[in-house]
$ cat upload_34.cif   # mmCIF, C-alpha atoms and all ligand atoms
data_start
#
loop_
_atom_site.label_atom_id
_atom_site.label_comp_id
_atom_site.auth_asym_id
_atom_site.auth_seq_id
_atom_site.Cartn_x
_atom_site.Cartn_y
_atom_site.Cartn_z
CA MET A 1 0.00 0.00 0.00
CA ASN A 2 1.20 3.51 -0.79
CA LEU A 3 1.71 5.31 2.53
CA CYS A 4 2.79 8.49 0.71
CA ASP A 5 -0.72 8.85 -0.68
CA ILE A 6 -2.75 11.41 1.31
CA LYS A 7 -6.04 9.52 0.85
CA THR A 8 -4.46 6.25 2.03
CA ILE A 9 -3.05 8.01 5.12
CA ARG A 10 -6.48 9.54 5.88
CA ASP A 11 -8.26 6.19 5.38
CA ILE A 12 -5.88 4.30 7.69
CA MET A 13 -6.10 7.05 10.32
CA SER A 14 -9.88 6.85 10.15
CA ILE A 15 -10.07 3.02 10.25
CA TYR A 16 -7.82 2.93 13.34
CA ASN A 17 -9.45 5.99 14.89
CA LEU A 18 -6.19 7.97 14.93
CA THR A 19 -5.40 11.68 14.99
CA PHE A 20 -2.04 13.36 14.33
CA ARG A 21 -0.61 13.75 17.82
CA LYS A 22 1.28 17.02 18.11
CA GLU A 23 2.75 16.07 21.48
CA PHE A 24 4.57 13.19 19.73
CA GLY A 25 5.78 15.36 16.84
CA GLN A 26 3.76 13.44 14.26
CA ASN A 27 4.52 14.83 10.78
CA PHE A 28 4.36 11.94 8.34
CA LEU A 29 6.41 11.89 5.13
CA THR A 30 4.42 11.95 1.89
CA ASN A 31 7.18 12.07 -0.75
CA ARG A 32 8.29 8.65 -1.94
CA SER A 33 11.63 9.77 -3.38
CA VAL A 34 12.59 11.46 -0.08
CA VAL A 35 11.72 8.27 1.81
CA GLU A 36 13.74 6.17 -0.65
CA ASP A 37 16.73 8.50 -0.45
CA ILE A 38 16.77 8.32 3.37
CA ALA A 39 16.48 4.51 3.30
CA ASP A 40 19.24 4.23 0.66
CA SER A 41 21.68 6.50 2.45
CA CYS A 42 21.40 5.21 6.02
CA CYS A 43 23.61 2.17 5.61
CA SER A 44 25.98 0.69 3.05
CA THR A 45 25.46 -3.00 3.82
CA ALA A 46 22.28 -5.04 3.34
CA ASP A 47 23.20 -7.35 6.24
CA ALA A 48 22.68 -4.48 8.70
CA THR A 49 20.03 -4.09 11.38
CA ILE A 50 18.32 -0.70 11.32
CA LEU A 51 16.95 0.86 14.48
CA GLU A 52 14.09 3.11 13.42
CA ILE A 53 12.78 5.63 15.94
CA GLY A 54 9.14 6.57 15.42
CA PRO A 55 7.82 4.58 12.45
CA GLY A 56 4.50 6.47 12.46
CA LEU A 57 2.35 4.65 9.88
CA GLY A 58 5.44 2.83 8.57
CA VAL A 59 6.29 4.68 5.36
CA LEU A 60 10.06 4.59 6.00
CA THR A 61 9.88 1.21 7.76
CA GLN A 62 8.53 -0.37 4.55
CA GLU A 63 11.45 0.94 2.48
CA LEU A 64 13.99 -0.13 5.12
CA ALA A 65 12.47 -3.62 5.27
CA PHE A 66 13.18 -4.23 1.57
CA ARG A 67 16.81 -3.07 1.85
CA TYR A 68 18.17 -4.43 5.13
CA GLN A 69 18.26 -7.73 7.01
CA LYS A 70 16.32 -6.54 10.05
CA VAL A 71 14.42 -3.42 11.17
CA ILE A 72 13.61 -2.73 14.82
CA ALA A 73 11.07 0.10 14.95
CA ILE A 74 10.30 1.80 18.28
CA GLU A 75 7.01 3.70 18.43
CA ILE A 76 5.74 5.60 21.48
CA ASP A 77 2.12 5.99 20.32
CA ASN A 78 0.13 2.94 21.38
CA GLY A 79 -2.63 3.78 18.89
CA LEU A 80 -0.26 3.31 15.94
CA ILE A 81 0.73 -0.25 16.84
CA PRO A 82 -2.33 -2.04 15.35
CA ALA A 83 -2.15 0.22 12.27
CA LEU A 84 1.53 -0.73 11.81
CA ARG A 85 0.62 -4.42 11.94
CA TYR A 86 -1.62 -3.76 8.93
CA THR A 87 0.63 -1.36 6.96
CA LEU A 88 3.74 -3.54 7.38
CA SER A 89 1.98 -6.80 6.46
CA ASP A 90 3.48 -6.71 2.92
CA CYS A 91 7.07 -6.53 4.19
CA PRO A 92 9.34 -9.56 3.91
CA GLU A 93 8.50 -12.00 6.67
CA GLY A 94 10.32 -11.68 9.97
CA VAL A 95 12.27 -8.56 8.99
CA VAL A 96 10.37 -5.90 10.95
CA GLU A 97 9.99 -5.96 14.72
CA VAL A 98 7.77 -3.20 16.11
CA VAL A 99 8.43 -2.29 19.73
CA HIS A 100 5.98 -0.12 21.64
CA GLY A 101 7.82 2.30 23.92
CA ASP A 102 9.67 5.54 24.46
CA VAL A 103 13.15 5.40 22.94
CA MET A 104 14.40 7.56 25.83
CA LYS A 105 13.28 5.00 28.38
CA LEU A 106 13.80 1.61 26.73
CA ASP A 107 16.81 -0.51 27.59
CA LEU A 108 18.51 -0.21 24.18
CA PRO A 109 21.62 -2.27 25.09
CA SER A 110 19.41 -5.29 25.91
CA LEU A 111 17.02 -4.72 23.01
CA LEU A 112 19.85 -4.45 20.49
CA ALA A 113 22.28 -7.04 21.91
CA PRO A 114 21.29 -9.80 19.39
CA ALA A 115 21.55 -7.24 16.56
CA PHE A 116 25.08 -6.20 17.53
CA ASP A 117 26.04 -9.92 17.68
CA ARG A 118 24.66 -10.35 14.13
CA GLY A 119 26.43 -7.49 12.37
CA PRO A 120 26.36 -3.73 11.78
CA VAL A 121 23.61 -1.66 13.36
CA ALA A 122 22.60 1.80 12.10
CA VAL A 123 19.94 4.27 13.25
CA CYS A 124 17.50 5.78 10.78
CA ALA A 125 14.59 8.11 11.60
CA ASN A 126 12.39 11.00 10.72
CA LEU A 127 12.73 12.31 14.26
CA PRO A 128 10.02 14.18 16.17
CA TYR A 129 11.13 17.84 16.46
CA TYR A 130 10.23 18.19 20.12
CA ILE A 131 12.90 15.81 21.32
CA THR A 132 15.60 15.77 18.60
CA THR A 133 18.58 16.85 20.70
CA PRO A 134 17.86 14.62 23.74
CA ILE A 135 17.44 11.60 21.44
CA LEU A 136 20.68 12.32 19.55
CA MET A 137 22.61 12.92 22.77
CA SER A 138 21.30 9.76 24.42
CA LEU A 139 22.21 7.68 21.33
CA LEU A 140 25.73 9.14 21.31
CA GLU A 141 26.21 8.84 25.06
CA SER A 142 24.92 5.26 25.08
CA HIS A 143 28.34 4.24 23.68
CA LEU A 144 26.52 1.58 21.65
CA PRO A 145 28.62 0.75 18.59
CA PHE A 146 26.22 2.11 15.96
CA GLU A 147 27.80 2.39 12.52
CA SER A 148 25.93 5.59 11.78
CA ILE A 149 22.90 7.69 12.72
CA THR A 150 20.89 9.08 9.80
CA VAL A 151 18.06 11.37 10.83
CA MET A 152 15.75 13.94 9.37
CA ILE A 153 15.51 16.90 11.72
CA GLN A 154 14.98 20.64 11.64
CA SER A 155 17.30 22.17 9.01
CA GLU A 156 18.72 24.69 11.51
CA VAL A 157 19.76 21.88 13.85
CA VAL A 158 21.58 20.20 10.96
CA ASP A 159 23.47 23.48 10.42
CA ARG A 160 24.45 23.35 14.07
CA LEU A 161 25.61 19.72 13.94
CA CYS A 162 27.75 20.36 10.84
CA ALA A 163 29.13 23.78 11.92
CA LYS A 164 32.85 24.55 12.01
CA ALA A 165 34.49 25.86 15.20
CA GLY A 166 34.30 29.66 15.37
CA SER A 167 31.08 29.96 13.32
CA SER A 168 27.86 31.26 14.87
CA ALA A 169 26.09 27.90 14.45
CA TYR A 170 28.86 26.04 16.34
CA GLY A 171 27.67 25.01 19.80
CA ALA A 172 28.17 22.54 22.63
CA ILE A 173 26.27 19.85 20.72
CA THR A 174 28.62 20.28 17.72
CA ALA A 175 31.72 19.85 19.87
CA VAL A 176 30.25 16.84 21.69
CA LEU A 177 29.16 15.26 18.39
CA ASN A 178 32.67 15.77 16.95
CA TYR A 179 34.00 13.70 19.84
CA TYR A 180 31.90 10.72 18.73
CA GLY A 181 31.94 11.08 14.95
CA GLU A 182 31.50 13.29 11.90
CA ALA A 183 28.24 14.80 10.69
CA GLU A 184 27.46 15.09 6.99
CA ARG A 185 24.53 17.11 5.67
CA LEU A 186 22.78 15.03 3.00
CA PHE A 187 19.80 17.01 1.66
CA LYS A 188 17.08 19.49 2.54
CA VAL A 189 13.37 18.56 2.67
CA SER A 190 10.80 21.34 2.53
CA ALA A 191 7.76 21.44 4.82
CA GLY A 192 5.38 20.54 1.95
CA ASN A 193 6.63 16.93 1.99
CA PHE A 194 4.87 16.11 5.27
CA MET A 195 1.36 15.61 6.55
CA PRO A 196 0.55 17.73 8.45
CA ALA A 197 3.16 20.24 7.21
CA PRO A 198 5.48 21.44 9.98
CA LYS A 199 6.31 25.14 10.39
CA VAL A 200 10.00 24.67 9.55
CA ASP A 201 12.06 23.04 6.83
CA SER A 202 13.93 19.84 7.53
CA ALA A 203 17.19 18.30 6.41
CA VAL A 204 18.75 14.87 6.57
CA VAL A 205 22.05 14.46 8.38
CA LYS A 206 24.22 11.36 8.59
CA ILE A 207 26.51 11.00 11.60
CA ASN A 208 29.29 8.51 10.90
CA LEU A 209 30.48 7.28 14.27
CA TYR A 210 34.15 6.58 14.87
CA LYS A 211 34.96 2.91 15.42
CA GLU A 212 38.03 4.07 17.31
CA LYS A 213 37.68 7.57 18.71
CA PRO A 214 40.64 9.76 17.68
CA TYR A 215 40.51 11.57 21.04
CA ARG A 216 41.33 9.99 24.39
CA PRO A 217 40.57 12.46 27.18
CA LEU A 218 41.91 11.65 30.65
CA ASP A 219 38.36 12.02 31.96
CA GLU A 220 35.23 12.19 29.79
CA ALA A 221 33.17 13.88 32.51
CA THR A 222 35.68 16.76 32.69
CA LEU A 223 35.64 17.07 28.89
CA PHE A 224 31.85 17.42 28.77
CA ARG A 225 31.85 19.77 31.76
CA THR A 226 34.47 21.96 30.02
CA ILE A 227 32.45 22.10 26.79
CA LYS A 228 29.22 22.83 28.68
CA ALA A 229 30.86 25.64 30.69
CA ALA A 230 32.44 27.18 27.58
CA PHE A 231 29.09 27.46 25.77
CA GLU A 232 26.81 28.20 28.70
CA GLN A 233 28.20 31.73 28.70
CA ARG A 234 29.44 31.87 25.11
CA ARG A 235 29.69 35.67 24.95
CA LYS A 236 32.14 35.66 27.85
CA THR A 237 35.88 35.06 27.48
CA LEU A 238 36.95 31.51 28.21
CA PRO A 239 38.48 32.18 31.68
CA ASN A 240 35.20 33.80 32.78
CA ALA A 241 33.03 31.08 31.27
CA LEU A 242 35.15 28.30 32.81
CA SER A 243 35.16 30.04 36.21
CA ALA A 244 31.42 29.58 36.36
CA GLY A 245 31.72 25.90 35.43
CA PHE A 246 34.70 25.16 37.73
CA PRO A 247 34.19 27.37 40.80
CA ASP A 248 36.80 25.32 42.69
CA ILE A 249 39.62 26.55 40.40
CA PRO A 250 40.86 30.17 40.81
CA LYS A 251 40.37 32.24 37.66
CA ALA A 252 44.10 33.05 37.51
CA ASP A 253 44.84 29.31 37.34
CA LEU A 254 42.26 28.85 34.57
CA THR A 255 43.90 31.68 32.62
CA THR A 256 47.31 30.02 33.01
CA ILE A 257 45.86 26.68 31.84
CA ILE A 258 44.25 28.30 28.79
CA GLU A 259 47.48 30.09 27.87
CA SER A 260 49.55 26.97 28.35
CA CYS A 261 47.24 25.29 25.80
CA GLY A 262 48.44 27.93 23.32
CA HIS A 263 45.41 30.26 23.41
CA ARG A 264 45.14 33.95 24.25
CA ALA A 265 43.42 34.59 27.56
CA ASP A 266 40.64 36.58 25.88
CA ILE A 267 39.64 33.75 23.52
CA ARG A 268 36.01 32.63 23.49
CA GLY A 269 35.15 28.96 23.89
CA GLU A 270 33.32 28.85 20.56
CA ARG A 271 36.68 29.06 18.74
CA LEU A 272 37.95 25.74 20.10
CA ASP A 273 37.56 22.57 18.09
CA ILE A 274 37.15 19.19 19.79
CA ALA A 275 40.89 18.41 19.82
CA GLU A 276 41.52 21.72 21.60
CA PHE A 277 38.71 21.03 24.08
CA VAL A 278 40.25 17.64 24.89
CA ALA A 279 43.68 19.22 25.51
CA LEU A 280 42.13 21.93 27.70
CA ALA A 281 39.99 19.45 29.66
CA ASP A 282 43.04 17.25 30.29
CA MET A 283 44.92 20.22 31.79
CA ILE A 284 41.91 21.10 33.97
CA TYR A 285 41.60 17.49 35.09
CA GLN A 286 45.29 17.27 36.02
CA HIS A 287 45.10 20.60 37.84
CA ARG A 288 42.14 19.43 39.90
CA GLN A 289 43.91 16.16 40.74
CA ASN A 290 46.90 18.17 42.00
CA ILE A 291 44.91 20.58 44.13
CA GLN A 292 42.69 17.95 45.71
CA PRO A 293 43.57 17.55 49.41
N1 LIG B 1 8.55 7.73 10.41
C1 LIG B 1 7.26 8.33 10.16
C2 LIG B 1 7.31 9.14 8.90
O1 LIG B 1 8.44 9.49 8.46
O2 LIG B 1 6.27 9.44 8.33
C3 LIG B 1 6.82 9.20 11.33
C4 LIG B 1 7.78 10.32 11.73
S1 LIG B 1 7.11 11.44 12.90
C5 LIG B 1 8.07 12.89 12.54
C6 LIG B 1 7.81 10.99 14.47
C7 LIG B 1 7.36 9.64 15.02
O3 LIG B 1 8.05 9.41 16.26
C8 LIG B 1 5.87 9.58 15.37
O4 LIG B 1 5.33 8.37 14.93
C9 LIG B 1 5.84 9.64 16.91
O5 LIG B 1 4.72 9.03 17.48
C10 LIG B 1 7.14 8.94 17.25
N2 LIG B 1 7.73 9.31 18.55
C11 LIG B 1 7.70 10.51 19.17
N3 LIG B 1 8.39 10.49 20.32
C12 LIG B 1 8.89 9.24 20.44
C13 LIG B 1 9.68 8.58 21.45
N4 LIG B 1 10.10 9.24 22.53
N5 LIG B 1 10.00 7.27 21.26
C14 LIG B 1 9.58 6.60 20.15
N6 LIG B 1 8.82 7.18 19.18
C15 LIG B 1 8.49 8.47 19.31
#
$ encode --input "upload_34.cif" --output "structure tokens"
Amino acid sequence: MNLCDIKTIRDIMSIYNLTFRKEFGQNFLTNRSVVEDIADSCCSTADATILEIGPGLGVLTQELAFRYQKVIAIEIDNGLIPALRYTLSDCPEGVVEVVHGDVMKLDLPSLLAPAFDRGPVAVCANLPYYITTPILMSLLESHLPFESITVMIQSEVVDRLCAKAGSSAYGAITAVLNYYGEAERLFKVSAGNFMPAPKVDSAVVKINLYKEKPYRPLDEATLFRTIKAAFEQRRKTLPNALSAGFPDIPKADLTTIIESCGHRADIRGERLDIAEFVALADMIYQHRQNIQP
């Protein structure tokens, strides 16, 4: 069945007594070539398992099911589960597993353990706007060995994820993402390709995760705390911003640390790339070890 067809979507919604639930960010894709392009680009090997977040009525799930060995689709909206059983009935047998739940609360390591034993695992989703950043952060911080994460999100957020250090779009999420992998902007998708149409344009981004991270901070928690402090007060110079994040370290010491990393004391945190953040965080970590009673 053609889930890009508006009448088909309306009919299925009516049969299963469904409404578009704003609180779950339900904007369903209606352009077949966009759906195909996302499914094609999310993974290079057919033996992969794809974790789909938010299948909705299953338009992307269908395409994934014909390209990859296994699709695990997590959907929060209970009402969509019986509809998915119907819309995915034409998919190759045994490929799609629909899981009812909130991706932020499910035990992903247990759910995906057999998939990781089988082969590569990639994430693919048309993500709900209301929770894009928390979902991306929790996938990255899970340390699960995903090959890649391909998601359609708000176009402005894609700009942020792909920004270079020193640009206005560069933020804490960019630096943190660069620690785990590299983001690549694939293509833009205008609001008219969804039902109902969202207020903003979207874009698809692919995050290729490092198998071996090129950075080895002495302490990850200090790295993330350093990045957070640098951007929480991004208009302030780095010694001032870090003072707020590390109140236990005198500002003069922070200035010395920043200068010994090769930066001017009046630099702003937004100019530092991830390698420079790692070097800075290592110095802060060592300093705190030394001053601890
Ligand atoms: N994949 C479908 C498509 O492209 O047409 C639907 C995409 S829609 C933008 C987002 C989907 O994510 C909805 O089906 C929504 O119910 C689901 N969703 C929202 N929050 C979720 C969560 N925390 N966990 C799992 N699914 C969620």
$ closest_atom_pairs --input "upload_34.cif" --of "chain A" --to "ligand LIG 1 (chain B)" --cutoff "8 Å" --atoms "only C-alpha atoms and all ligand atoms" --output "tab-separated table"
residue	atom	partner	partner_atom	distance
A:Arg21	CA	B:LIG1	O5	7.1
A:Glu23	CA	B:LIG1	C11	7.8
A:Phe24	CA	B:LIG1	C11	4.2
A:Gly25	CA	B:LIG1	C6	5.4
A:Gln26	CA	B:LIG1	S1	4.1
A:Asn27	CA	B:LIG1	C5	4.4
A:Phe28	CA	B:LIG1	O2	3.1
A:Leu29	CA	B:LIG1	O2	4.0
A:Thr30	CA	B:LIG1	O2	7.2
A:Val35	CA	B:LIG1	O1	7.5
A:Glu52	CA	B:LIG1	N1	7.8
A:Ile53	CA	B:LIG1	N6	5.3
A:Gly54	CA	B:LIG1	O3	3.2
A:Pro55	CA	B:LIG1	N1	3.8
A:Gly56	CA	B:LIG1	O4	3.2
A:Leu57	CA	B:LIG1	C1	6.1
A:Gly58	CA	B:LIG1	C1	6.0
A:Val59	CA	B:LIG1	O2	5.6
A:Leu60	CA	B:LIG1	N1	5.6
A:Thr61	CA	B:LIG1	N1	7.2
A:Ile74	CA	B:LIG1	C14	5.2
A:Glu75	CA	B:LIG1	N6	4.0
A:Ile76	CA	B:LIG1	N6	4.2
A:Asp77	CA	B:LIG1	O5	4.9
A:Leu80	CA	B:LIG1	O4	7.6
A:His100	CA	B:LIG1	C14	7.8
A:Gly101	CA	B:LIG1	C14	6.0
A:Asp102	CA	B:LIG1	N5	3.7
A:Val103	CA	B:LIG1	N5	4.0
A:Met104	CA	B:LIG1	N4	5.7
A:Lys105	CA	B:LIG1	N4	7.9
A:Ala125	CA	B:LIG1	N1	6.2
A:Asn126	CA	B:LIG1	C4	4.8
A:Leu127	CA	B:LIG1	C5	5.0
A:Pro128	CA	B:LIG1	C6	4.2
A:Tyr129	CA	B:LIG1	C5	7.0
A:Tyr130	CA	B:LIG1	N3	7.9
A:Ile131	CA	B:LIG1	N3	7.0
A:Ile135	CA	B:LIG1	N4	7.8
A:Phe194	CA	B:LIG1	O2	7.5
$ atom_distance --input "upload_34.cif" --atom1 "CA of Gly79 in chain A" --atom2 "CA of Leu18 in chain A"
6.8 Å
$ residues_around --input "upload_34.cif" --residues "Glu141 in chain A" --least-positions-apart "4" --cutoff "9 Å" --atoms "only C-alpha atoms" --output "PyMOL selection string"
chain A and resi 136-137+180
$ write_last_selection --input "upload_34.cif" --atoms "C-alpha atoms" --output "short mmCIF file (atom, residue, chain, number, x, y, z; two decimals), keeping the file's coordinate frame"
data_model
loop_
_atom_site.label_atom_id
_atom_site.label_comp_id
_atom_site.auth_asym_id
_atom_site.auth_seq_id
_atom_site.Cartn_x
_atom_site.Cartn_y
_atom_site.Cartn_z
CA LEU A 136 20.68 12.32 19.55
CA MET A 137 22.61 12.92 22.77
CA TYR A 180 31.90 10.72 18.73
#
$ closest_residue --input "upload_34.cif" --among "A:Glu220, A:Asp107, A:Asp273, A:Glu184" --to "Gly171 in chain A" --atoms "all atoms listed in the file"
A:Asp273
$ closest_residue --input "upload_34.cif" --among "A:Ala183, A:Ile15, A:Ala169, A:Val96" --to "Val151 in chain A" --atoms "only C-alpha atoms"
A:Ala183
$ atom_distance --input "upload_34.cif" --atom1 "CA of Gly119 in chain A" --atom2 "CA of Met152 in chain A"
24.1 Å
$ closest_residue --input "upload_34.cif" --among "A:Arg160, A:Arg225, A:Lys211, A:His143" --to "Arg185 in chain A" --atoms "only C-alpha atoms"
A:Arg160
$ closest_residue --input "upload_34.cif" --among "A:Leu209, A:Cys42, A:Leu144, A:Leu242" --to "Ala113 in chain A" --atoms "all atoms listed in the file"
A:Leu144
$ residues_near_point --input "upload_34.cif" --point "(30.2, 18.2, 17.6)" --cutoff "12 Å" --atoms "only C-alpha atoms" --output "ChimeraX atom specification"
/A:136-137,140,157-165,169-184,207-209,224,227,270,272-275,277
$ closest_residue --input "upload_34.cif" --among "A:Ser89, A:Gln62, A:Ser167, A:Ser44" --to "Ala122 in chain A" --atoms "all atoms listed in the file"
A:Ser44
$ atom_distance --input "upload_34.cif" --atom1 "CA of Asn17 in chain A" --atom2 "CA of Leu84 in chain A"
13.2 Å
$ closest_residue --input "upload_34.cif" --among "A:Gln286, A:Thr132, A:Ser41, A:Gln154" --to "Leu223 in chain A" --atoms "all atoms listed in the file"
A:Gln286
$ residues_around --input "upload_34.cif" --residues "Met1 in chain A" --least-positions-apart "3" --cutoff "12 Å" --atoms "all atoms listed in the file" --output "list of chain:residue names"
A:Cys4, A:Asp5, A:Ile6, A:Lys7, A:Thr8, A:Ile9, A:Asp11, A:Ile12, A:Leu57, A:Gly58, A:Val59, A:Gln62, A:Glu63, A:Leu84, A:Tyr86, A:Thr87, A:Leu88, A:Ser89, A:Asp90, A:Cys91
$ axis_aligned_box --input "upload_34.cif" --around "range 158-171 of chain A" --padding-each-side "4 Å" --output "lines of an AutoDock Vina configuration file"
center_x = 28.0
center_y = 25.5
center_z = 15.1
size_x = 20.9
size_y = 19.5
size_z = 17.4
$ decode --input "upload_34.cif" --residues "range 130-139 of chain A" --atoms "all heavy atoms" --output "compact mmCIF listing (two decimals), in the first residue's frame"
# COMPACT_ATOMS: atom_id res chain seq x y z
N TYR A 130 10.25 17.74 18.72
CA TYR A 130 10.23 18.19 20.12
C TYR A 130 11.33 17.58 20.97
O TYR A 130 11.62 18.07 22.05
CB TYR A 130 8.84 17.90 20.74
CG TYR A 130 8.63 16.46 21.17
CD1 TYR A 130 8.72 16.09 22.51
CD2 TYR A 130 8.35 15.45 20.24
CE1 TYR A 130 8.53 14.77 22.91
CE2 TYR A 130 8.16 14.13 20.62
CZ TYR A 130 8.25 13.80 21.95
OH TYR A 130 8.08 12.49 22.34
N ILE A 131 11.95 16.54 20.45
CA ILE A 131 12.90 15.81 21.32
C ILE A 131 14.17 15.40 20.54
O ILE A 131 14.89 14.49 20.94
CB ILE A 131 12.13 14.59 21.93
CG1 ILE A 131 12.88 13.99 23.10
CG2 ILE A 131 11.76 13.58 20.90
CD1 ILE A 131 12.11 12.91 23.84
N THR A 132 14.46 16.12 19.46
CA THR A 132 15.60 15.77 18.60
C THR A 132 16.91 15.70 19.36
O THR A 132 17.62 14.69 19.31
CB THR A 132 15.77 16.85 17.50
OG1 THR A 132 14.59 16.87 16.72
CG2 THR A 132 16.93 16.54 16.61
N THR A 133 17.26 16.80 20.06
CA THR A 133 18.58 16.85 20.70
C THR A 133 18.72 15.81 21.80
O THR A 133 19.72 15.09 21.84
CB THR A 133 18.87 18.28 21.22
OG1 THR A 133 18.72 19.16 20.12
CG2 THR A 133 20.27 18.41 21.76
N PRO A 134 17.72 15.68 22.72
CA PRO A 134 17.86 14.62 23.74
C PRO A 134 18.03 13.23 23.12
O PRO A 134 18.82 12.43 23.62
CB PRO A 134 16.56 14.72 24.54
CG PRO A 134 16.09 16.12 24.34
CD PRO A 134 16.54 16.53 22.97
N ILE A 135 17.30 12.94 22.04
CA ILE A 135 17.44 11.60 21.44
C ILE A 135 18.86 11.43 20.87
O ILE A 135 19.53 10.43 21.12
CB ILE A 135 16.37 11.34 20.34
CG1 ILE A 135 14.98 11.19 20.95
CG2 ILE A 135 16.71 10.09 19.53
CD1 ILE A 135 13.84 10.97 19.97
N LEU A 136 19.33 12.43 20.13
CA LEU A 136 20.68 12.32 19.55
C LEU A 136 21.73 12.16 20.65
O LEU A 136 22.62 11.32 20.56
CB LEU A 136 21.01 13.55 18.70
CG LEU A 136 20.37 13.59 17.32
CD1 LEU A 136 20.76 14.86 16.59
CD2 LEU A 136 20.78 12.36 16.50
N MET A 137 21.62 12.98 21.70
CA MET A 137 22.61 12.92 22.77
C MET A 137 22.57 11.56 23.47
O MET A 137 23.61 10.99 23.78
CB MET A 137 22.39 14.04 23.81
CG MET A 137 22.70 15.44 23.32
SD MET A 137 24.25 15.59 22.43
CE MET A 137 25.39 15.28 23.72
N SER A 138 21.34 11.04 23.69
CA SER A 138 21.30 9.76 24.42
C SER A 138 21.83 8.63 23.53
O SER A 138 22.45 7.69 24.03
CB SER A 138 19.92 9.48 25.00
OG SER A 138 19.11 8.89 24.07
N LEU A 139 21.64 8.71 22.21
CA LEU A 139 22.21 7.68 21.33
C LEU A 139 23.73 7.75 21.35
O LEU A 139 24.42 6.74 21.44
CB LEU A 139 21.72 7.87 19.88
CG LEU A 139 20.24 7.58 19.62
CD1 LEU A 139 19.86 7.98 18.19
CD2 LEU A 139 19.93 6.08 19.83
